[in-house]
file final-v2.cif (mmCIF, C-alpha atoms and all ligand atoms)
data_entry
loop_
_atom_site.label_atom_id
_atom_site.label_comp_id
_atom_site.auth_asym_id
_atom_site.auth_seq_id
_atom_site.Cartn_x
_atom_site.Cartn_y
_atom_site.Cartn_z
CA MET A 1 25.07 112.95 318.53
CA LYS A 2 23.20 109.95 317.20
CA THR A 3 22.79 106.30 318.21
CA GLU A 4 21.49 103.36 316.20
CA GLY A 5 20.40 100.19 317.97
CA LEU A 6 22.77 100.99 320.82
CA SER A 7 23.17 98.55 323.70
CA HIS A 8 25.97 97.10 325.76
CA ALA A 9 26.35 93.70 327.39
CA VAL A 10 29.02 92.35 329.69
CA GLY A 11 29.38 88.59 330.06
CA GLY A 12 26.11 88.05 328.17
CA LYS A 13 24.17 90.37 330.49
CA ARG A 14 22.67 93.53 328.99
CA ILE A 15 23.57 96.53 331.13
CA MET A 16 22.52 99.40 328.82
CA ALA A 17 19.89 99.69 326.07
CA VAL A 18 19.23 103.06 324.44
CA GLY A 19 18.42 101.94 320.88
CA ASP A 20 17.89 104.70 318.31
CA TRP A 21 18.30 108.24 319.47
CA GLN A 22 19.30 111.54 318.00
CA GLN A 23 20.34 114.76 319.68
CA THR A 24 20.29 117.78 317.41
CA SER A 25 22.89 120.49 317.68
CA GLY A 26 22.10 122.96 320.47
CA ASP A 27 19.58 120.61 322.13
CA HIS A 28 19.95 120.07 325.89
CA ALA A 29 19.19 116.44 326.72
CA LEU A 30 18.90 114.54 329.98
CA VAL A 31 19.42 110.79 330.35
CA LEU A 32 17.36 109.86 333.38
CA GLY A 33 17.26 106.52 335.18
CA PRO A 34 17.79 104.88 338.55
CA SER A 35 21.15 103.68 339.81
CA GLY A 36 22.36 100.76 337.69
CA SER A 37 20.17 101.55 334.68
CA GLY A 38 23.18 102.10 332.42
CA LYS A 39 23.62 105.90 332.37
CA THR A 40 27.39 105.91 332.86
CA THR A 41 27.74 103.00 330.41
CA PHE A 42 25.80 105.09 327.86
CA ILE A 43 28.06 108.10 328.45
CA ASN A 44 31.13 105.89 328.15
CA ALA A 45 29.85 104.66 324.76
CA VAL A 46 29.05 108.19 323.53
CA THR A 47 32.45 109.52 324.59
CA GLY A 48 34.30 106.50 323.18
CA LEU A 49 35.64 105.33 326.53
CA ILE A 50 34.13 101.93 325.68
CA THR A 51 33.08 100.29 322.42
CA PRO A 52 29.44 99.19 322.70
CA SER A 53 28.75 95.51 322.09
CA ALA A 54 25.86 96.34 319.72
CA GLY A 55 24.82 99.32 317.65
CA ARG A 56 26.53 102.48 316.55
CA VAL A 57 27.33 105.91 317.99
CA PHE A 58 27.97 109.01 315.86
CA VAL A 59 29.49 112.19 317.27
CA ALA A 60 29.86 115.33 315.15
CA GLY A 61 29.26 113.26 312.01
CA GLU A 62 31.93 110.62 312.77
CA GLU A 63 31.18 107.06 313.85
CA MET A 64 32.78 106.87 317.29
CA SER A 65 31.89 103.18 317.69
CA ALA A 66 33.79 102.21 314.52
CA LEU A 67 37.09 103.82 315.52
CA GLY A 68 40.12 102.31 317.21
CA ALA A 69 41.24 103.54 320.62
CA ALA A 70 43.60 106.27 319.37
CA ALA A 71 41.06 107.65 316.88
CA ARG A 72 38.35 107.62 319.60
CA ASP A 73 40.68 109.60 321.88
CA SER A 74 41.28 112.09 319.10
CA LEU A 75 37.56 112.50 318.26
CA ARG A 76 36.76 112.94 321.98
CA ARG A 77 39.51 115.54 322.39
CA ARG A 78 38.33 117.49 319.35
CA THR A 79 34.59 117.49 320.01
CA ILE A 80 33.65 116.61 323.62
CA GLY A 81 34.04 118.30 327.00
CA LEU A 82 33.53 115.91 329.92
CA VAL A 83 32.43 116.85 333.43
CA PHE A 84 32.97 113.89 335.75
CA GLN A 85 30.88 113.40 338.88
CA THR A 86 34.06 113.20 340.93
CA LEU A 87 35.46 116.23 339.04
CA ARG A 88 38.94 114.69 338.56
CA LEU A 89 40.77 118.00 338.63
CA ILE A 90 44.52 117.49 338.88
CA PRO A 91 45.38 118.20 342.53
CA ALA A 92 48.95 119.42 341.97
CA LEU A 93 47.81 122.08 339.48
CA SER A 94 45.96 125.34 340.13
CA VAL A 95 42.59 126.02 338.51
CA ARG A 96 44.37 128.07 335.85
CA GLN A 97 46.92 125.30 335.22
CA ASN A 98 44.18 122.63 335.02
CA LEU A 99 42.54 124.63 332.22
CA ALA A 100 45.88 125.31 330.51
CA LEU A 101 46.69 121.60 330.41
CA ALA A 102 43.24 120.71 329.02
CA GLN A 103 43.58 123.48 326.45
CA ARG A 104 47.00 122.31 325.32
CA ILE A 105 45.91 118.67 325.06
CA GLY A 106 42.65 119.54 323.30
CA THR A 107 43.77 122.29 320.94
CA GLY A 108 47.58 122.24 320.94
CA ARG A 109 47.54 125.94 321.85
CA HIS A 110 47.97 128.09 324.93
CA ASP A 111 45.61 131.05 325.21
CA PRO A 112 45.90 132.62 328.69
CA ALA A 113 43.28 135.28 327.93
CA ALA A 114 40.66 132.65 327.02
CA ILE A 115 41.46 130.77 330.25
CA GLU A 116 41.09 133.90 332.39
CA SER A 117 37.86 134.93 330.72
CA LEU A 118 36.25 131.48 331.12
CA ILE A 119 37.30 131.25 334.78
CA ALA A 120 35.76 134.68 335.36
CA ARG A 121 32.57 133.56 333.59
CA VAL A 122 32.11 130.69 336.07
CA GLY A 123 32.73 133.09 338.95
CA LEU A 124 36.16 131.83 340.01
CA ALA A 125 38.38 134.80 339.15
CA HIS A 126 39.32 135.17 342.82
CA ARG A 127 40.35 131.48 343.03
CA ILE A 128 42.20 131.20 339.72
CA ASP A 129 45.53 130.26 341.32
CA ALA A 130 44.01 128.00 344.01
CA ARG A 131 44.64 124.27 344.19
CA PRO A 132 41.49 122.11 343.73
CA ARG A 133 41.54 120.72 347.28
CA THR A 134 41.12 124.22 348.71
CA LEU A 135 37.95 124.86 346.68
CA SER A 136 34.44 124.37 348.04
CA GLN A 137 32.32 121.64 346.37
CA GLY A 138 30.47 124.21 344.27
CA GLU A 139 33.70 126.00 343.30
CA GLY A 140 35.24 122.67 342.30
CA GLN A 141 32.26 121.97 340.05
CA ARG A 142 32.61 125.37 338.45
CA ALA A 143 36.29 124.67 337.81
CA ALA A 144 35.44 121.25 336.29
CA ILE A 145 32.85 122.83 333.97
CA ALA A 146 35.34 125.51 332.92
CA ARG A 147 37.94 122.83 332.18
CA ALA A 148 35.41 120.90 330.03
CA LEU A 149 34.58 124.06 328.07
CA ILE A 150 38.06 125.50 327.51
CA THR A 151 38.47 123.55 324.26
CA ARG A 152 35.10 124.97 323.04
CA PRO A 153 33.69 121.45 322.55
CA ARG A 154 30.64 120.95 320.36
CA LEU A 155 29.23 118.50 322.92
CA VAL A 156 29.43 118.89 326.72
CA VAL A 157 28.75 115.66 328.62
CA ALA A 158 28.15 115.65 332.38
CA ASP A 159 27.64 112.52 334.51
CA GLU A 160 25.61 113.16 337.69
CA PRO A 161 26.58 116.82 338.07
CA THR A 162 23.90 117.53 340.68
CA SER A 163 23.22 114.37 342.66
CA ALA A 164 25.34 115.39 345.66
CA LEU A 165 23.91 118.91 345.84
CA ASP A 166 21.04 120.50 347.76
CA ASP A 167 18.13 121.98 345.77
CA ALA A 168 19.52 125.51 345.45
CA ASN A 169 22.95 124.31 344.35
CA ALA A 170 21.52 121.64 342.02
CA PHE A 171 19.54 124.27 340.12
CA ALA A 172 22.50 126.67 340.17
CA MET A 173 24.61 123.91 338.61
CA VAL A 174 22.04 123.36 335.83
CA ASP A 175 21.87 127.13 335.23
CA LEU A 176 25.65 127.27 334.96
CA LEU A 177 25.80 124.34 332.51
CA PHE A 178 23.09 125.94 330.36
CA GLU A 179 24.69 129.40 330.49
CA THR A 180 28.18 128.19 329.65
CA ALA A 181 26.90 125.86 326.91
CA ALA A 182 24.99 128.77 325.39
CA ALA A 183 28.04 131.05 325.62
CA THR A 184 30.20 128.60 323.66
CA GLY A 185 27.41 127.24 321.41
CA ALA A 186 27.78 123.72 322.83
CA THR A 187 25.18 120.95 322.90
CA LEU A 188 24.58 119.52 326.38
CA LEU A 189 24.11 115.87 327.42
CA VAL A 190 23.56 115.22 331.12
CA ALA A 191 23.06 111.83 332.80
CA THR A 192 21.47 111.65 336.23
CA HIS A 193 19.12 109.87 338.59
CA ASP A 194 18.17 113.31 339.97
CA THR A 195 14.53 113.75 338.89
CA ARG A 196 14.52 117.31 340.35
CA ILE A 197 16.26 118.72 337.29
CA ALA A 198 14.25 116.86 334.60
CA PRO A 199 11.74 119.70 333.99
CA ARG A 200 14.59 121.97 332.91
CA PHE A 201 15.49 119.85 329.86
CA ASN A 202 13.65 119.85 326.55
CA THR A 203 14.61 116.23 325.84
CA VAL A 204 14.54 113.44 328.43
CA VAL A 205 15.60 109.87 327.66
CA ARG A 206 14.46 107.42 330.32
CA LEU A 207 16.41 104.26 331.09
CA ALA A 208 14.62 101.50 333.00
CA ALA A 209 16.23 99.78 335.97
N1 LIG A 301 32.42 96.58 333.23
C1 LIG A 301 31.33 96.09 333.81
N2 LIG A 301 31.21 94.77 334.07
C2 LIG A 301 30.11 94.26 334.64
N3 LIG A 301 29.06 94.99 335.02
C3 LIG A 301 29.10 96.32 334.79
C4 LIG A 301 30.24 96.93 334.19
N4 LIG A 301 30.00 98.27 334.11
C5 LIG A 301 28.78 98.45 334.64
N5 LIG A 301 28.24 97.29 335.06
C6 LIG A 301 26.91 97.10 335.68
O1 LIG A 301 25.96 97.58 334.73
C7 LIG A 301 24.92 98.29 335.37
C8 LIG A 301 24.85 99.71 334.81
O2 LIG A 301 25.99 100.43 335.28
P1 LIG A 301 26.14 102.01 335.09
O3 LIG A 301 27.36 102.43 335.79
O4 LIG A 301 26.02 102.32 333.65
O5 LIG A 301 24.81 102.50 335.85
P2 LIG A 301 24.34 103.99 336.21
O6 LIG A 301 22.97 104.13 335.65
O7 LIG A 301 25.36 104.96 335.79
O8 LIG A 301 24.22 103.93 337.80
P3 LIG A 301 24.52 105.08 338.91
O9 LIG A 301 23.30 105.97 338.91
O10 LIG A 301 24.62 104.31 340.19
O11 LIG A 301 25.79 105.80 338.54
C9 LIG A 301 25.22 98.21 336.85
O12 LIG A 301 24.47 97.16 337.39
C10 LIG A 301 26.71 97.92 336.92
O13 LIG A 301 27.04 97.20 338.07
MG MG A 302 26.58 106.32 336.83
#
call {"tool": "encode", "arguments": {"input": "final-v2.cif", "output": "structure tokens"}}
result
Amino acid sequence: MKTEGLSHAVGGKRIMAVGDWQQTSGDHALVLGPSGSGKTTFINAVTGLITPSAGRVFVAGEEMSALGAAARDSLRRRTIGLVFQTLRLIPALSVRQNLALAQRIGTGRHDPAAIESLIARVGLAHRIDARPRTLSQGEGQRAAIARALITRPRLVVADEPTSALDDANAFAMVDLLFETAAATGATLLVATHDTRIAPRFNTVVRLAA
């Protein structure tokens, strides 16, 4: 993932400025900054959910910021796994079905064995057929990580994965992200205002308020 002169303004007001930055494959990076500093805006630009008003974003060698909406969706589906702060699991589907849907959309295939093995890896084998609303907060996060990883994305992006968690669970969440990223060879990009987890990352990008 690489940015060049990246910033974003809305109505003439600059709400995110990252500039030039490069994340090498396998590097685990943290984007750290207070509320309102532009972390989610940055993630939206990297994942192609918005087109930045200035600068360029490259993901897996393709220029995300130069693509139209459909091509951005396709690049995101092929290369990125997203873990949302609010998880956004589909409530009517079981954990297994949530992963199956993501797998089908991302890869066009259905591989039940890969789904079962990833769910076991995040410690949810006993809850595989549960609906998301019956999961604990931590279990829901594990399910959301598994869903992001089922397509074996090259880049895993997580927005505020730990901010609602106590210390023990925050560090467990970081461990799980690192472990699962290592298991699938993914590069990790995490955005947070949670300074507790900063020492765990080899690269920290700070955004000012
Ligand atoms: N579409 C938009 N239009 C106008 N202002 C916006 C828009 N999106 C974000 N902002 C503003 O830009 C600033 C940065 O927002 P952003 O969501 O990127 O911050 P953040 O660092 O993720 O904050 P938090 O830690 O609270 O999630 C905020 O002041 C926000 O209100
Ligand atoms: Mg945010």
call {"tool": "residues_near_ligand", "arguments": {"input": "final-v2.cif", "ligand": "ligand MG 302 (chain A)", "cutoff": "9 Å", "atoms": "only C-alpha atoms and all ligand atoms", "output": "short mmCIF file (atom, residue, chain, number, x, y, z; two decimals) with C-alpha atoms, in the coordinates of the input"}}
result
data_model
loop_
_atom_site.label_atom_id
_atom_site.label_comp_id
_atom_site.auth_asym_id
_atom_site.auth_seq_id
_atom_site.Cartn_x
_atom_site.Cartn_y
_atom_site.Cartn_z
CA SER A 35 21.15 103.68 339.81
CA GLY A 36 22.36 100.76 337.69
CA SER A 37 20.17 101.55 334.68
CA GLY A 38 23.18 102.10 332.42
CA LYS A 39 23.62 105.90 332.37
CA THR A 40 27.39 105.91 332.86
CA THR A 41 27.74 103.00 330.41
CA ILE A 43 28.06 108.10 328.45
CA GLN A 85 30.88 113.40 338.88
CA ASP A 159 27.64 112.52 334.51
CA GLU A 160 25.61 113.16 337.69
CA ALA A 191 23.06 111.83 332.80
CA THR A 192 21.47 111.65 336.23
CA HIS A 193 19.12 109.87 338.59
#
call {"tool": "closest_residue", "arguments": {"input": "final-v2.cif", "among": "A:Ala172, A:Leu49, A:Ala120, A:Ala182", "to": "Leu75 of chain A", "atoms": "only C-alpha atoms"}}
result
A:Leu49
call {"tool": "residues_near_ligand", "arguments": {"input": "final-v2.cif", "ligand": "ligand LIG 301 (chain A)", "cutoff": "12 Å", "atoms": "all atoms listed in the file", "output": "PyMOL selection string"}}
result
chain A and resi 7-18+31-45+49-53+84-86+158-164+190-195+206-209
call {"tool": "write_last_selection", "arguments": {"input": "final-v2.cif", "atoms": "C-alpha atoms", "output": "compact mmCIF listing (two decimals), in the coordinates of the input"}}
result
# COMPACT_ATOMS: atom_id res chain seq x y z
CA SER A 7 23.17 98.55 323.70
CA HIS A 8 25.97 97.10 325.76
CA ALA A 9 26.35 93.70 327.39
CA VAL A 10 29.02 92.35 329.69
CA GLY A 11 29.38 88.59 330.06
CA GLY A 12 26.11 88.05 328.17
CA LYS A 13 24.17 90.37 330.49
CA ARG A 14 22.67 93.53 328.99
CA ILE A 15 23.57 96.53 331.13
CA MET A 16 22.52 99.40 328.82
CA ALA A 17 19.89 99.69 326.07
CA VAL A 18 19.23 103.06 324.44
CA VAL A 31 19.42 110.79 330.35
CA LEU A 32 17.36 109.86 333.38
CA GLY A 33 17.26 106.52 335.18
CA PRO A 34 17.79 104.88 338.55
CA SER A 35 21.15 103.68 339.81
CA GLY A 36 22.36 100.76 337.69
CA SER A 37 20.17 101.55 334.68
CA GLY A 38 23.18 102.10 332.42
CA LYS A 39 23.62 105.90 332.37
CA THR A 40 27.39 105.91 332.86
CA THR A 41 27.74 103.00 330.41
CA PHE A 42 25.80 105.09 327.86
CA ILE A 43 28.06 108.10 328.45
CA ASN A 44 31.13 105.89 328.15
CA ALA A 45 29.85 104.66 324.76
CA LEU A 49 35.64 105.33 326.53
CA ILE A 50 34.13 101.93 325.68
CA THR A 51 33.08 100.29 322.42
CA PRO A 52 29.44 99.19 322.70
CA SER A 53 28.75 95.51 322.09
CA PHE A 84 32.97 113.89 335.75
CA GLN A 85 30.88 113.40 338.88
CA THR A 86 34.06 113.20 340.93
CA ALA A 158 28.15 115.65 332.38
CA ASP A 159 27.64 112.52 334.51
CA GLU A 160 25.61 113.16 337.69
CA PRO A 161 26.58 116.82 338.07
CA THR A 162 23.90 117.53 340.68
CA SER A 163 23.22 114.37 342.66
CA ALA A 164 25.34 115.39 345.66
CA VAL A 190 23.56 115.22 331.12
CA ALA A 191 23.06 111.83 332.80
CA THR A 192 21.47 111.65 336.23
CA HIS A 193 19.12 109.87 338.59
CA ASP A 194 18.17 113.31 339.97
CA THR A 195 14.53 113.75 338.89
CA ARG A 206 14.46 107.42 330.32
CA LEU A 207 16.41 104.26 331.09
CA ALA A 208 14.62 101.50 333.00
CA ALA A 209 16.23 99.78 335.97
call {"tool": "closest_residue", "arguments": {"input": "final-v2.cif", "among": "A:Val59, A:Val83, A:Leu149, A:Leu155", "to": "Ala100 of chain A", "atoms": "all atoms listed in the file"}}
result
A:Leu149
call {"tool": "closest_residue", "arguments": {"input": "final-v2.cif", "among": "A:Leu176, A:Ala102, A:Val157, A:Val204", "to": "Gly123 of chain A", "atoms": "all atoms listed in the file"}}
result
A:Leu176
